[in-house]
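**Student:** Sharing a structure, written as structure tokens. Questions coming.
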Amino acid sequence: MSGVDTALGLDAKRGPVAVIAKTVLYGALIFVFAGPLVAIMIGAFIPVSDPTKLTVIPDEFTLDNFRQAIERDVFLYLFNSFVVVGVGLLFQVLVSILAAYALARKKFVGSTLVMLAFLGTMMLPEEVLAIPLSLVLADVPVVHVNLIGSLTGMIVPVIAWGFSILVMTEFMKDIPVELEEAARIDGAGELRIFWSVVLPLCRPALGVIGIFGFAMIWDQYMLPLLVAVDNEQFTLPLALRTLRTDEEVGVGVLLAGSLLALLPSVIAFLAFQRSFLRGLTSGAVKG
Amino acid sequence: MSSTGPRAATTDRTAAAAPTTGRRPGRSGGPRKATRNRAGRFREAAKRQLIPWLFLAPALIIFALFKFVPLVRMIEMSFYQVRPFLGDVYVGGANYDQVSSDEVFQDAIWHTVYLAVGTTAGSIVLGLVLALLLEGQVKHLWFVRSAVFLPVVAAMAVVAEVWRILYYPNADGAVNSILGLVGFGPSAFLNSADTSLNSVMVVGIWKGAPYDMMIFLAGLAGVDRALYEAASVDGASVWRRLWHVTFPALRPVFAILLTLAAIRGLRVFTEVFLLTNGGPNGSSEVLMTLIYKLGLERSGELGVASAGSVVLLAATATLTVIVQVLRRRGAHR
């Protein structure tokens, strides 16, 4: 009777028929969901002259796709992507923890309003704001800077992200206030308390907003599309379209480019899987 | 941004010097006498109110510049015929009239809703099935789950490019050759007006279902195991157990997924832009690709494009509120 540990109780089903059925099922699921991505990986290293040659079974190995992709500046695009995600993420995490500290640890007039405003920004993604955003980027209010045609234009708008702030706020709320008060009695100042008491306790949440921020910035499409004026500023995801429409190169080159755009996010996911899954549920539950 | 650092530091030092009257009135008896006068106490309270804003400043400034100013501009532009260098002309609700009466907009709105509903429903159903099939503690299941989750991690641009290849509209194309094995004729997928929108939807479900699966799995982990035991002691079948124990316990998960779908569903852009760019013949044109074409590619129709965006935003906001209200009501029950 016991051992019913899952909703369907598949775990408990043993015996040769069940094992074979489960193996076939798992194999099919992996094929459907991971297969296309594996095909990118394989296709990048074999000659793929046209789309019908896509396969998950490699035959002959070549680096020619990468050679041609590099000739078409794929490393420049990759570099651009890394600059945007590196600088963007650094500032995004910083901005998030600063804002979360105020929202979670301070009582002040207007905090509910700020919280509502932050929640509201989550309904205002780059897509919805595309039209006015393109004008604002060309002439940023107050400072009157033109960010069109520079990587800065892809970085600055993403350094404040509602999701990240909210996840961090929820986490910081759970840190016992006694620790903070003890530090205050010992004469620690505001920044000191923030930096050496609250922040070290937030390490798990830092992992979450780090990996989600990475995925969010790496996946940006509309913003680079609005900002980039020529190939010089293309990020890798944006450049894939040009690789595809380039008639001089085959599908293999597009796959080589795709692989370079895919790998960083896959590696980041595998390395921070725990944080990722924690964020998926915690963020969603609060969202 | 960087200017807030030193500024926060200075207020920080002064704040530290000031007594912490609010929290521990008894502790700071000494310095309290010095600031007993009203002006001092007022300044102290002001400082206490000011510090949070210094921490919030970077986020607020960025949001103001790149979210709220564009929002206001968008609403403003939606009432004007925007003419760069010539001066804008106020046109009242004309742009909105165009959005609501123009056939191209009508079609795009319908496609957007169809795609959003289909992708959401498909992802939730498939995500639930995946979660039920892949629930468990065994090590190899962890591997299967990770593999299935990969589409969520991949950037949409990568996903779109690989699916363009998979959808190759020829009997030798990857998906077509698999369909051929089970006896279905080759489909033109993205290249035919009949199948383009559904083909985009399948990609959306393929990328969305594993995400939903993970959230369902978290929900399944929280189901009280004693209820499973009780059900099996009572001799309930697997289906009855699912229906009476598992699904009711997953109700909050459905609410979460619907909330996310309400926020994300209607603004779909990247996959459509890359897979079909609205074609063929506008058969997969959604609001965002249309707005992008009107406002940015052809430029000049900024006013109409803004009106379309405002409609999109209003619909998103309404949906979110509806889902939240339903969620609250569900929670009370």
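Every chain in the structure tokens has a letter given in the order shown (A, B, ...), and although residue numbers restart at 1 in each chain, ligands are simply numbered from 1 in the order shown.
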Got a sec to pull out which chain B residues are within 7 Å of chain A, counting only C-alpha atoms, and send them as a PyMOL selection string?

**Tutor:** chain B and resi 9+12-13+16+49+52+55-56+58-59+62-63+65-67+70-71+73-74+132+135-136+144+147-148+150-151+153-158+162+165+168+172-174+215+218+225+228-229+232-233+238+242+246+256+263+267+270+295+302+306+309+313

**Student:** Figure out the distance between CA of Val89 (chain B) and CA of Ile291 (chain B), please, to one decimal in Å.

**Tutor:**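 Spanning CA of Ile291 (chain B) to CA of Val89 (chain B) is a straight-line distance of 19.9 Å.
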
**Student:** Which residues come within 9 Å of Thr320 (chain B), counting only C-alpha atoms, excluding same-chain residues fewer than 6 positions away, as an MDAnalysis selection string?

**Tutor:** (chainID A and resid 123) or (chainID B and resid 258:263)

**Student:** In Å, with one decimal, what is the gap from CA of Gly88 (chain A) to CA of Ile155 (chain A)?

**Tutor:**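 CA of Gly88 (chain A) sits 5.1 Å away from CA of Ile155 (chain A).
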
**Student:** Go through A:Ala182, A:Ile57, A:Val229, A:Ile70 one by one, measure the shortest atom-to-atom distance of each to Ala138 (chain A) using only C-alpha atoms, and give the residue with the smallest value.

**Tutor:** A:Val229

**Student:** Which of these residues is nearest to Cys202 (chain A), using only C-alpha atoms: A:Gly15, A:Gly250, A:Pro224, A:Pro176?

**Tutor:** A:Pro176

**Student:** Got a sec to tell me which of region 81-309 of chain B DSSP assigns to alpha helix (DSSP H), as a PyMOL selection string?

**Tutor:** chain B and resi 94-101+103-134+139-153+156-166+174-181+196-221+225-233+238-241+247-249+251-264+270-275+287-292+302-309

**Student:** Please compute the CA of Met288 (chain B)-CA of Arg264 (chain B) distance, one decimal, in Å.

**Tutor:**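 Result for CA of Met288 (chain B) versus CA of Arg264 (chain B): 12.2 Å, one decimal.
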